[in-house]
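I have placed the structure first, in the form of structure tokens, so that the comments after it can refer back to it.
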Amino acid sequence: MIALFNKLHSRWLTFTFRHPRTAATAAPKVNLSTAPPKPVIPSKKPIKVELVGGKRYSWCSCGYSRKQPFCDGTHKTKAEGMKGLRFVPEKDSTVWLCGCKHTNNSPYCDGTHKQDFIVSAPLHECTD
Ligand code: FES
């Protein structure tokens with residue numbers, strides 16, 4: 001009886017310690033992140049532009065556009081889930097559009113670029 005117990009016990013120990021995560025390691029990796037995408041920082045200063053009243057503009061919110069501060073559609077491949085912010089100024093005007101992409105008053109600069117998290121952050125540079 002003791003021999004049978006020892007044999008079963010050793011098999012249980014062997015199975016338990018040799019195969020503890022067989023099912024977990026075989027499972028495919030799944031991205032469970034639901035956090036919204038974050039923009040990169042193409043400039044740490046606002047960009048002065050002259051806008052035409054009644055004309056439709058699209059401000060880049062992801063930071064990947066090569067036509068800063070305006071959207072060129074690059075978000076479709078580099079920042080899925082983000083898109084340009086469309087706006088129409090009421091009249092001709094000269095404004096400062098946000099270049100750091102972290103303003104709380106999109107598309108206009110609100111001074112957020114002066115905060116430490118922007119000042120100390122790396123600047124995004126187009127590589128392609
Ligand atoms: S450039 Fe983004 S808040 Fe000023």
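All residue names refer to the structure tokens as shown: chains lettered A, B, ... in order, residues numbered from 1 in each chain, ligands numbered from 1 in order.
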For this session: Could you please extract the residues within 9 Å of ligand 1, counting only C-alpha atoms and all ligand atoms, and hand them back as JSON, numbers by chain?
Result: {"A": [41, 43, 44, 45, 46, 47, 96, 97, 98, 99, 100, 101, 102, 103, 104, 105, 106, 107, 108, 109, 110, 111, 112, 113, 114, 115, 118]}
Selection above as a file: C-alpha atoms, as a JSON list (two decimals), in the first residue's frame:
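So selection06.json came out as:
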[["chain", "number", "residue", "atom", "x", "y", "z"],
["A", 41, "ILE", "CA", 5.61, 65.22, -30.19],
["A", 43, "SER", "CA", 7.40, 70.16, -32.06],
["A", 44, "LYS", "CA", 7.64, 71.64, -28.59],
["A", 45, "LYS", "CA", 6.37, 75.00, -29.77],
["A", 46, "PRO", "CA", 3.13, 76.24, -31.33],
["A", 47, "ILE", "CA", 3.02, 76.86, -35.07],
["A", 96, "TRP", "CA", -1.06, 79.56, -33.06],
["A", 97, "LEU", "CA", -1.85, 75.89, -33.59],
["A", 98, "CYS", "CA", -0.51, 73.34, -31.14],
["A", 99, "GLY", "CA", 2.67, 71.60, -32.26],
["A", 100, "CYS", "CA", 3.17, 69.36, -29.24],
["A", 101, "LYS", "CA", -0.21, 67.59, -29.70],
["A", 102, "HIS", "CA", -1.03, 67.72, -25.99],
["A", 103, "THR", "CA", -3.10, 70.89, -25.82],
["A", 104, "ASN", "CA", -6.41, 70.85, -23.98],
["A", 105, "ASN", "CA", -7.84, 73.33, -26.47],
["A", 106, "SER", "CA", -7.36, 71.57, -29.81],
["A", 107, "PRO", "CA", -6.28, 72.68, -32.31],
["A", 108, "TYR", "CA", -4.99, 75.80, -30.58],
["A", 109, "CYS", "CA", -1.98, 76.11, -28.29],
["A", 110, "ASP", "CA", -2.92, 76.52, -24.64],
["A", 111, "GLY", "CA", 0.61, 76.59, -23.20],
["A", 112, "THR", "CA", 0.76, 72.91, -22.30],
["A", 113, "HIS", "CA", 4.06, 72.68, -24.19],
["A", 114, "LYS", "CA", 5.71, 74.55, -21.28],
["A", 115, "GLN", "CA", 4.94, 71.75, -18.82],
["A", 118, "ILE", "CA", 6.58, 67.95, -22.71]]
Exercise. So, counting only C-alpha atoms, which residue among A:Ser58, A:Lys67, A:Gly73, A:Ala121 is closest to Leu85 in chain A?
Worked result: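 Nearest candidate to Leu85 in chain A out of A:Ser58, A:Lys67, A:Gly73, A:Ala121: A:Ser58.
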Identify, on the basis of only C-alpha atoms, every residue whose closest approach to Arg86 in chain A does not exceed 12 Å; exclude the query and any residue fewer than 6 positions from it along the same chain; express the result as a tab-separated table (two decimals) with N, CA, C and O atoms, in the first residue's frame.
chain	number	residue	atom	x	y	z
A	55	LYS	N	-12.89	78.15	-44.73
A	55	LYS	CA	-12.17	77.03	-45.33
A	55	LYS	C	-12.03	75.90	-44.30
A	55	LYS	O	-11.86	76.16	-43.11
A	56	ARG	N	-12.10	74.67	-44.78
A	56	ARG	CA	-12.01	73.51	-43.89
A	56	ARG	C	-10.55	73.08	-43.73
A	56	ARG	O	-9.84	72.90	-44.71
A	57	TYR	N	-10.13	72.89	-42.48
A	57	TYR	CA	-8.78	72.44	-42.17
A	57	TYR	C	-8.83	71.16	-41.35
A	57	TYR	O	-9.84	70.86	-40.70
A	58	SER	N	-7.75	70.41	-41.36
A	58	SER	CA	-7.64	69.22	-40.53
A	58	SER	C	-6.31	69.28	-39.78
A	58	SER	O	-5.24	69.19	-40.39
A	59	TRP	N	-6.40	69.47	-38.49
A	59	TRP	CA	-5.21	69.58	-37.64
A	59	TRP	C	-4.72	68.19	-37.25
A	59	TRP	O	-5.51	67.33	-36.84
A	60	CYS	N	-3.43	67.95	-37.39
A	60	CYS	CA	-2.84	66.65	-37.03
A	60	CYS	C	-2.89	66.48	-35.52
A	60	CYS	O	-2.36	67.31	-34.79
A	61	SER	N	-3.51	65.40	-35.06
A	61	SER	CA	-3.57	65.14	-33.62
A	61	SER	C	-2.63	64.02	-33.19
A	61	SER	O	-2.39	63.84	-32.01
A	70	PHE	N	-0.80	70.37	-39.93
A	70	PHE	CA	-1.99	69.79	-40.54
A	70	PHE	C	-1.85	68.29	-40.81
A	70	PHE	O	-0.74	67.76	-40.95
A	71	CYS	N	-2.97	67.64	-40.91
A	71	CYS	CA	-3.04	66.19	-41.12
A	71	CYS	C	-2.71	65.84	-42.58
A	71	CYS	O	-3.15	66.53	-43.49
A	106	SER	N	-7.66	71.91	-28.41
A	106	SER	CA	-7.36	71.57	-29.81
A	106	SER	C	-8.23	72.38	-30.77
A	106	SER	O	-9.41	72.56	-30.52
A	107	PRO	N	-7.64	72.86	-31.84
A	107	PRO	CA	-6.28	72.68	-32.31
A	107	PRO	C	-5.32	73.78	-31.85
A	107	PRO	O	-4.18	73.83	-32.30
For this session: Excluding Glu80 in chain A and any residue of its chain fewer than 4 positions from it, enumerate the residues within 10 Å of it, using only C-alpha atoms, and give them as an MDAnalysis selection string.
Result: chainID A and resid 36:37 62 74:76
Problem set entry | Nearest to Pro89 in chain A by atom-to-atom distance, counting only C-alpha atoms, from A:Cys126, A:Val119, A:Leu51, A:Val40 |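 Selected residue with least distance to Pro89 in chain A: A:Leu51.
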All helix (DSSP H, G or I) residues (DSSP, backbone) inside range 19-120 of chain A, as an mmCIF file with all heavy atoms, in the first residue's frame:
data_model
loop_
_atom_site.group_PDB
_atom_site.id
_atom_site.type_symbol
_atom_site.label_atom_id
_atom_site.label_comp_id
_atom_site.auth_asym_id
_atom_site.auth_seq_id
_atom_site.Cartn_x
_atom_site.Cartn_y
_atom_site.Cartn_z
ATOM 1 N N THR A 22 1.503 24.348 -18.964
ATOM 2 C CA THR A 22 1.423 23.878 -20.334
ATOM 3 C C THR A 22 0.333 24.608 -21.115
ATOM 4 O O THR A 22 0.575 25.120 -22.199
ATOM 5 C CB THR A 22 1.137 22.364 -20.366
ATOM 6 O OG1 THR A 22 2.166 21.723 -19.648
ATOM 7 C CG2 THR A 22 1.090 21.864 -21.787
ATOM 8 N N ALA A 23 -0.853 24.704 -20.570
ATOM 9 C CA ALA A 23 -1.952 25.341 -21.280
ATOM 10 C C ALA A 23 -1.710 26.843 -21.442
ATOM 11 O O ALA A 23 -1.966 27.409 -22.497
ATOM 12 C CB ALA A 23 -3.257 25.102 -20.543
ATOM 13 N N ALA A 24 -1.163 27.502 -20.419
ATOM 14 C CA ALA A 24 -0.964 28.950 -20.478
ATOM 15 C C ALA A 24 0.098 29.343 -21.497
ATOM 16 O O ALA A 24 -0.049 30.321 -22.205
ATOM 17 C CB ALA A 24 -0.595 29.482 -19.101
ATOM 18 N N THR A 25 1.195 28.590 -21.587
ATOM 19 C CA THR A 25 2.252 28.957 -22.516
ATOM 20 C C THR A 25 1.870 28.645 -23.956
ATOM 21 O O THR A 25 2.416 29.230 -24.870
ATOM 22 C CB THR A 25 3.563 28.233 -22.171
ATOM 23 O OG1 THR A 25 3.311 26.839 -22.137
ATOM 24 C CG2 THR A 25 4.118 28.706 -20.850
ATOM 25 N N ALA A 26 0.933 27.735 -24.154
ATOM 26 C CA ALA A 26 0.530 27.394 -25.508
ATOM 27 C C ALA A 26 -0.480 28.393 -26.069
ATOM 28 O O ALA A 26 -0.679 28.468 -27.261
ATOM 29 C CB ALA A 26 -0.072 26.001 -25.534
ATOM 30 N N HIS A 75 -1.817 59.047 -39.876
ATOM 31 C CA HIS A 75 -2.401 58.342 -38.720
ATOM 32 C C HIS A 75 -2.997 56.997 -39.124
ATOM 33 O O HIS A 75 -3.099 56.091 -38.305
ATOM 34 C CB HIS A 75 -3.472 59.209 -38.051
ATOM 35 C CG HIS A 75 -4.618 59.549 -38.949
ATOM 36 N ND1 HIS A 75 -4.616 60.669 -39.743
ATOM 37 C CD2 HIS A 75 -5.775 58.905 -39.201
ATOM 38 C CE1 HIS A 75 -5.748 60.716 -40.443
ATOM 39 N NE2 HIS A 75 -6.466 59.642 -40.129
ATOM 40 N N LYS A 76 -3.379 56.845 -40.384
ATOM 41 C CA LYS A 76 -4.004 55.596 -40.833
ATOM 42 C C LYS A 76 -3.039 54.423 -40.731
ATOM 43 O O LYS A 76 -3.457 53.283 -40.548
ATOM 44 C CB LYS A 76 -4.490 55.739 -42.273
ATOM 45 C CG LYS A 76 -5.624 56.737 -42.413
ATOM 46 C CD LYS A 76 -5.973 56.969 -43.871
ATOM 47 C CE LYS A 76 -6.945 58.136 -43.999
ATOM 48 N NZ LYS A 76 -7.067 58.596 -45.382
ATOM 49 N N THR A 77 -1.742 54.702 -40.868
ATOM 50 C CA THR A 77 -0.759 53.614 -40.792
ATOM 51 C C THR A 77 0.079 53.653 -39.517
ATOM 52 O O THR A 77 0.555 52.623 -39.065
ATOM 53 C CB THR A 77 0.206 53.669 -41.995
ATOM 54 O OG1 THR A 77 0.801 54.969 -42.058
ATOM 55 C CG2 THR A 77 -0.533 53.371 -43.284
ATOM 56 N N LYS A 78 0.260 54.846 -38.939
ATOM 57 C CA LYS A 78 1.154 54.940 -37.773
ATOM 58 C C LYS A 78 0.458 55.164 -36.448
ATOM 59 O O LYS A 78 1.088 55.006 -35.404
ATOM 60 C CB LYS A 78 2.169 56.062 -38.006
ATOM 61 C CG LYS A 78 3.048 55.809 -39.193
ATOM 62 C CD LYS A 78 4.414 56.341 -38.968
ATOM 63 C CE LYS A 78 5.319 55.903 -40.094
ATOM 64 N NZ LYS A 78 6.650 56.462 -39.966
ATOM 65 N N THR A 112 0.376 74.207 -22.873
ATOM 66 C CA THR A 112 0.760 72.906 -22.295
ATOM 67 C C THR A 112 2.204 72.540 -22.635
ATOM 68 O O THR A 112 2.874 71.853 -21.858
ATOM 69 C CB THR A 112 -0.204 71.805 -22.799
ATOM 70 O OG1 THR A 112 -1.533 72.138 -22.412
ATOM 71 C CG2 THR A 112 0.145 70.445 -22.224
ATOM 72 N N HIS A 113 2.694 73.027 -23.772
ATOM 73 C CA HIS A 113 4.064 72.678 -24.192
ATOM 74 C C HIS A 113 5.122 73.167 -23.201
ATOM 75 O O HIS A 113 6.264 72.729 -23.257
ATOM 76 C CB HIS A 113 4.350 73.246 -25.589
ATOM 77 C CG HIS A 113 4.323 74.737 -25.655
ATOM 78 N ND1 HIS A 113 3.173 75.470 -25.884
ATOM 79 C CD2 HIS A 113 5.313 75.635 -25.490
ATOM 80 C CE1 HIS A 113 3.450 76.757 -25.884
ATOM 81 N NE2 HIS A 113 4.751 76.886 -25.642
ATOM 82 N N LYS A 114 4.751 74.048 -22.281
ATOM 83 C CA LYS A 114 5.705 74.551 -21.284
ATOM 84 C C LYS A 114 5.813 73.637 -20.074
ATOM 85 O O LYS A 114 6.679 73.833 -19.227
ATOM 86 C CB LYS A 114 5.277 75.945 -20.820
ATOM 87 C CG LYS A 114 5.323 76.987 -21.926
ATOM 88 C CD LYS A 114 4.778 78.308 -21.440
ATOM 89 C CE LYS A 114 4.691 79.315 -22.582
ATOM 90 N NZ LYS A 114 3.950 80.519 -22.197
ATOM 91 N N ASP A 116 6.559 70.285 -17.772
ATOM 92 C CA ASP A 116 7.733 69.408 -17.696
ATOM 93 C C ASP A 116 7.601 68.154 -18.547
ATOM 94 O O ASP A 116 8.577 67.709 -19.142
ATOM 95 C CB ASP A 116 8.010 69.016 -16.243
ATOM 96 C CG ASP A 116 8.633 70.162 -15.459
ATOM 97 O OD1 ASP A 116 9.083 71.139 -16.100
ATOM 98 O OD2 ASP A 116 8.671 70.080 -14.217
ATOM 99 N N PHE A 117 6.413 67.545 -18.575
ATOM 100 C CA PHE A 117 6.299 66.281 -19.300
ATOM 101 C C PHE A 117 6.504 66.458 -20.800
ATOM 102 O O PHE A 117 6.888 65.517 -21.488
ATOM 103 C CB PHE A 117 4.959 65.580 -18.991
ATOM 104 C CG PHE A 117 3.752 66.136 -19.711
ATOM 105 C CD1 PHE A 117 3.311 65.540 -20.878
ATOM 106 C CD2 PHE A 117 3.070 67.230 -19.212
ATOM 107 C CE1 PHE A 117 2.192 66.028 -21.538
ATOM 108 C CE2 PHE A 117 1.959 67.729 -19.869
ATOM 109 C CZ PHE A 117 1.521 67.136 -21.037
ATOM 110 N N ILE A 118 6.290 67.686 -21.303
ATOM 111 C CA ILE A 118 6.583 67.949 -22.714
ATOM 112 C C ILE A 118 8.042 68.378 -22.864
ATOM 113 O O ILE A 118 8.760 67.890 -23.731
ATOM 114 C CB ILE A 118 5.660 69.057 -23.272
ATOM 115 C CG1 ILE A 118 4.206 68.597 -23.255
ATOM 116 C CG2 ILE A 118 6.080 69.458 -24.691
ATOM 117 C CD1 ILE A 118 3.872 67.469 -24.191
ATOM 118 N N VAL A 119 8.500 69.248 -22.009
ATOM 119 C CA VAL A 119 9.874 69.760 -22.089
ATOM 120 C C VAL A 119 10.884 68.611 -22.007
ATOM 121 O O VAL A 119 11.874 68.576 -22.739
ATOM 122 C CB VAL A 119 10.136 70.794 -20.966
ATOM 123 C CG1 VAL A 119 11.604 71.173 -20.903
ATOM 124 C CG2 VAL A 119 9.265 72.022 -21.184
#
Problem set entry | Residue nearest Glu125 in chain A - candidates A:Glu50, A:Met82, A:Phe87, A:Arg66, atoms counted: only C-alpha atoms |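 Smallest distance to Glu125 in chain A is found for A:Arg66.
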Exercise. Pick from A:Thr127, A:Pro122, A:Asp92, A:Asp72: nearest to Gly53 in chain A, with only C-alpha atoms counted?
Worked result: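 That would be A:Asp92, the residue with the smallest distance to Gly53 in chain A.
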Got a sec to tell me which of range 25-108 of chain A DSSP assigns to strand (DSSP E or B), as a JSON list (two decimals) with all heavy atoms, in the first residue's frame?
[["chain", "number", "residue", "atom", "x", "y", "z"],
["A", 47, "ILE", "N", 2.70, 76.51, -33.69],
["A", 47, "ILE", "CA", 3.02, 76.86, -35.07],
["A", 47, "ILE", "C", 2.05, 77.95, -35.53],
["A", 47, "ILE", "O", 0.83, 77.77, -35.48],
["A", 47, "ILE", "CB", 2.90, 75.62, -35.98],
["A", 47, "ILE", "CG1", 3.88, 74.54, -35.46],
["A", 47, "ILE", "CG2", 3.17, 75.97, -37.43],
["A", 47, "ILE", "CD1", 3.62, 73.15, -36.01],
["A", 48, "LYS", "N", 2.62, 79.07, -35.96],
["A", 48, "LYS", "CA", 1.80, 80.21, -36.39],
["A", 48, "LYS", "C", 1.31, 79.99, -37.82],
["A", 48, "LYS", "O", 2.13, 79.71, -38.71],
["A", 48, "LYS", "CB", 2.64, 81.48, -36.31],
["A", 48, "LYS", "CG", 1.89, 82.75, -36.57],
["A", 48, "LYS", "CD", 2.84, 83.94, -36.41],
["A", 48, "LYS", "CE", 2.14, 85.26, -36.63],
["A", 48, "LYS", "NZ", 3.08, 86.39, -36.51],
["A", 49, "VAL", "N", 0.01, 80.10, -38.01],
["A", 49, "VAL", "CA", -0.55, 79.91, -39.35],
["A", 49, "VAL", "C", -1.61, 80.98, -39.63],
["A", 49, "VAL", "O", -2.25, 81.48, -38.71],
["A", 49, "VAL", "CB", -1.19, 78.52, -39.53],
["A", 49, "VAL", "CG1", -0.15, 77.42, -39.45],
["A", 49, "VAL", "CG2", -2.30, 78.27, -38.54],
["A", 50, "GLU", "N", -1.77, 81.27, -40.90],
["A", 50, "GLU", "CA", -2.83, 82.18, -41.32],
["A", 50, "GLU", "C", -3.95, 81.35, -41.91],
["A", 50, "GLU", "O", -3.73, 80.59, -42.86],
["A", 50, "GLU", "CB", -2.27, 83.19, -42.33],
["A", 50, "GLU", "CG", -1.26, 84.13, -41.70],
["A", 50, "GLU", "CD", -0.73, 85.17, -42.68],
["A", 50, "GLU", "OE1", -1.28, 85.30, -43.78],
["A", 50, "GLU", "OE2", 0.24, 85.84, -42.31],
["A", 51, "LEU", "N", -5.13, 81.47, -41.32],
["A", 51, "LEU", "CA", -6.27, 80.67, -41.74],
["A", 51, "LEU", "C", -7.25, 81.53, -42.54],
["A", 51, "LEU", "O", -7.38, 82.72, -42.29],
["A", 51, "LEU", "CB", -6.99, 80.08, -40.52],
["A", 51, "LEU", "CG", -6.15, 79.21, -39.59],
["A", 51, "LEU", "CD1", -6.97, 78.79, -38.37],
["A", 51, "LEU", "CD2", -5.61, 77.99, -40.32],
["A", 57, "TYR", "N", -10.13, 72.89, -42.48],
["A", 57, "TYR", "CA", -8.78, 72.44, -42.17],
["A", 57, "TYR", "C", -8.83, 71.16, -41.35],
["A", 57, "TYR", "O", -9.84, 70.86, -40.70],
["A", 57, "TYR", "CB", -8.02, 73.50, -41.36],
["A", 57, "TYR", "CG", -7.78, 74.79, -42.10],
["A", 57, "TYR", "CD1", -8.70, 75.84, -42.04],
["A", 57, "TYR", "CD2", -6.64, 74.96, -42.87],
["A", 57, "TYR", "CE1", -8.49, 77.01, -42.72],
["A", 57, "TYR", "CE2", -6.41, 76.14, -43.56],
["A", 57, "TYR", "CZ", -7.34, 77.16, -43.48],
["A", 57, "TYR", "OH", -7.12, 78.33, -44.17],
["A", 58, "SER", "N", -7.75, 70.41, -41.36],
["A", 58, "SER", "CA", -7.64, 69.22, -40.53],
["A", 58, "SER", "C", -6.31, 69.28, -39.78],
["A", 58, "SER", "O", -5.24, 69.19, -40.39],
["A", 58, "SER", "CB", -7.72, 67.95, -41.39],
["A", 58, "SER", "OG", -7.69, 66.80, -40.57],
["A", 59, "TRP", "N", -6.40, 69.47, -38.49],
["A", 59, "TRP", "CA", -5.21, 69.58, -37.64],
["A", 59, "TRP", "C", -4.72, 68.19, -37.25],
["A", 59, "TRP", "O", -5.51, 67.33, -36.84],
["A", 59, "TRP", "CB", -5.57, 70.38, -36.39],
["A", 59, "TRP", "CG", -4.52, 70.46, -35.33],
["A", 59, "TRP", "CD1", -3.39, 71.21, -35.35],
["A", 59, "TRP", "CD2", -4.52, 69.77, -34.08],
["A", 59, "TRP", "NE1", -2.68, 71.03, -34.19],
["A", 59, "TRP", "CE2", -3.35, 70.15, -33.39],
["A", 59, "TRP", "CE3", -5.38, 68.85, -33.47],
["A", 59, "TRP", "CZ2", -3.02, 69.65, -32.14],
["A", 59, "TRP", "CZ3", -5.06, 68.35, -32.23],
["A", 59, "TRP", "CH2", -3.90, 68.75, -31.57],
["A", 70, "PHE", "N", -0.80, 70.37, -39.93],
["A", 70, "PHE", "CA", -1.99, 69.79, -40.54],
["A", 70, "PHE", "C", -1.85, 68.29, -40.81],
["A", 70, "PHE", "O", -0.74, 67.76, -40.95],
["A", 70, "PHE", "CB", -2.32, 70.55, -41.84],
["A", 70, "PHE", "CG", -2.59, 72.02, -41.59],
["A", 70, "PHE", "CD1", -1.69, 72.99, -42.00],
["A", 70, "PHE", "CD2", -3.73, 72.41, -40.90],
["A", 70, "PHE", "CE1", -1.92, 74.33, -41.74],
["A", 70, "PHE", "CE2", -3.97, 73.76, -40.64],
["A", 70, "PHE", "CZ", -3.07, 74.71, -41.06],
["A", 85, "LEU", "N", -8.20, 66.49, -36.62],
["A", 85, "LEU", "CA", -9.32, 67.26, -36.08],
["A", 85, "LEU", "C", -9.73, 68.29, -37.12],
["A", 85, "LEU", "O", -8.97, 69.20, -37.45],
["A", 85, "LEU", "CB", -8.90, 67.97, -34.79],
["A", 85, "LEU", "CG", -9.97, 68.91, -34.23],
["A", 85, "LEU", "CD1", -11.08, 68.11, -33.57],
["A", 85, "LEU", "CD2", -9.36, 69.89, -33.26],
["A", 86, "ARG", "N", -10.93, 68.13, -37.64],
["A", 86, "ARG", "CA", -11.41, 69.07, -38.66],
["A", 86, "ARG", "C", -12.04, 70.29, -38.01],
["A", 86, "ARG", "O", -12.75, 70.17, -37.01],
["A", 86, "ARG", "CB", -12.42, 68.36, -39.56],
["A", 86, "ARG", "CG", -11.77, 67.29, -40.38],
["A", 86, "ARG", "CD", -12.73, 66.65, -41.30],
["A", 86, "ARG", "NE", -12.03, 65.65, -42.11],
["A", 86, "ARG", "CZ", -12.64, 64.73, -42.81],
["A", 86, "ARG", "NH1", -13.94, 64.67, -42.82],
["A", 86, "ARG", "NH2", -11.94, 63.87, -43.52],
["A", 87, "PHE", "N", -11.71, 71.44, -38.59],
["A", 87, "PHE", "CA", -12.30, 72.68, -38.08],
["A", 87, "PHE", "C", -12.40, 73.71, -39.20],
["A", 87, "PHE", "O", -11.67, 73.62, -40.19],
["A", 87, "PHE", "CB", -11.51, 73.22, -36.89],
["A", 87, "PHE", "CG", -10.13, 73.73, -37.24],
["A", 87, "PHE", "CD1", -9.88, 75.10, -37.36],
["A", 87, "PHE", "CD2", -9.07, 72.86, -37.43],
["A", 87, "PHE", "CE1", -8.62, 75.58, -37.68],
["A", 87, "PHE", "CE2", -7.79, 73.33, -37.77],
["A", 87, "PHE", "CZ", -7.59, 74.68, -37.88],
["A", 93, "SER", "N", -7.89, 84.68, -40.08],
["A", 93, "SER", "CA", -7.22, 84.97, -38.81],
["A", 93, "SER", "C", -5.82, 84.35, -38.79],
["A", 93, "SER", "O", -5.53, 83.40, -39.51],
["A", 93, "SER", "CB", -8.05, 84.41, -37.64],
["A", 93, "SER", "OG", -8.31, 83.03, -37.84],
["A", 94, "THR", "N", -5.00, 84.93, -37.95],
["A", 94, "THR", "CA", -3.67, 84.38, -37.70],
["A", 94, "THR", "C", -3.72, 83.77, -36.31],
["A", 94, "THR", "O", -4.10, 84.44, -35.34],
["A", 94, "THR", "CB", -2.60, 85.47, -37.75],
["A", 94, "THR", "OG1", -2.63, 86.07, -39.05],
["A", 94, "THR", "CG2", -1.21, 84.89, -37.50],
["A", 95, "VAL", "N", -3.40, 82.47, -36.22],
["A", 95, "VAL", "CA", -3.53, 81.75, -34.94],
["A", 95, "VAL", "C", -2.27, 80.92, -34.68],
["A", 95, "VAL", "O", -1.45, 80.69, -35.58],
["A", 95, "VAL", "CB", -4.77, 80.82, -34.93],
["A", 95, "VAL", "CG1", -6.05, 81.61, -35.10],
["A", 95, "VAL", "CG2", -4.66, 79.77, -36.02],
["A", 96, "TRP", "N", -2.15, 80.46, -33.45],
["A", 96, "TRP", "CA", -1.06, 79.56, -33.06],
["A", 96, "TRP", "C", -1.66, 78.17, -32.82],
["A", 96, "TRP", "O", -2.39, 77.96, -31.86],
["A", 96, "TRP", "CB", -0.39, 80.06, -31.78],
["A", 96, "TRP", "CG", 0.35, 81.35, -31.98],
["A", 96, "TRP", "CD1", -0.13, 82.61, -31.84],
["A", 96, "TRP", "CD2", 1.72, 81.49, -32.37],
["A", 96, "TRP", "NE1", 0.84, 83.53, -32.12],
["A", 96, "TRP", "CE2", 1.99, 82.88, -32.44],
["A", 96, "TRP", "CE3", 2.74, 80.59, -32.67],
["A", 96, "TRP", "CZ2", 3.24, 83.37, -32.80],
["A", 96, "TRP", "CZ3", 4.00, 81.08, -33.01],
["A", 96, "TRP", "CH2", 4.23, 82.47, -33.08],
["A", 97, "LEU", "N", -1.36, 77.26, -33.74],
["A", 97, "LEU", "CA", -1.85, 75.89, -33.59],
["A", 97, "LEU", "C", -0.85, 75.08, -32.78],
["A", 97, "LEU", "O", 0.37, 75.28, -32.87],
["A", 97, "LEU", "CB", -2.08, 75.24, -34.96],
["A", 97, "LEU", "CG", -3.15, 75.90, -35.84],
["A", 97, "LEU", "CD1", -3.32, 75.12, -37.15],
["A", 97, "LEU", "CD2", -4.49, 75.99, -35.10],
["A", 108, "TYR", "N", -5.78, 74.63, -30.96],
["A", 108, "TYR", "CA", -4.99, 75.80, -30.58],
["A", 108, "TYR", "C", -4.05, 75.52, -29.40],
["A", 108, "TYR", "O", -4.35, 74.72, -28.50],
["A", 108, "TYR", "CB", -5.92, 76.96, -30.22],
["A", 108, "TYR", "CG", -6.91, 77.25, -31.32],
["A", 108, "TYR", "CD1", -8.24, 76.83, -31.20],
["A", 108, "TYR", "CD2", -6.51, 77.88, -32.49],
["A", 108, "TYR", "CE1", -9.15, 77.06, -32.24],
["A", 108, "TYR", "CE2", -7.41, 78.12, -33.52],
["A", 108, "TYR", "CZ", -8.72, 77.71, -33.40],
["A", 108, "TYR", "OH", -9.61, 77.92, -34.42]]
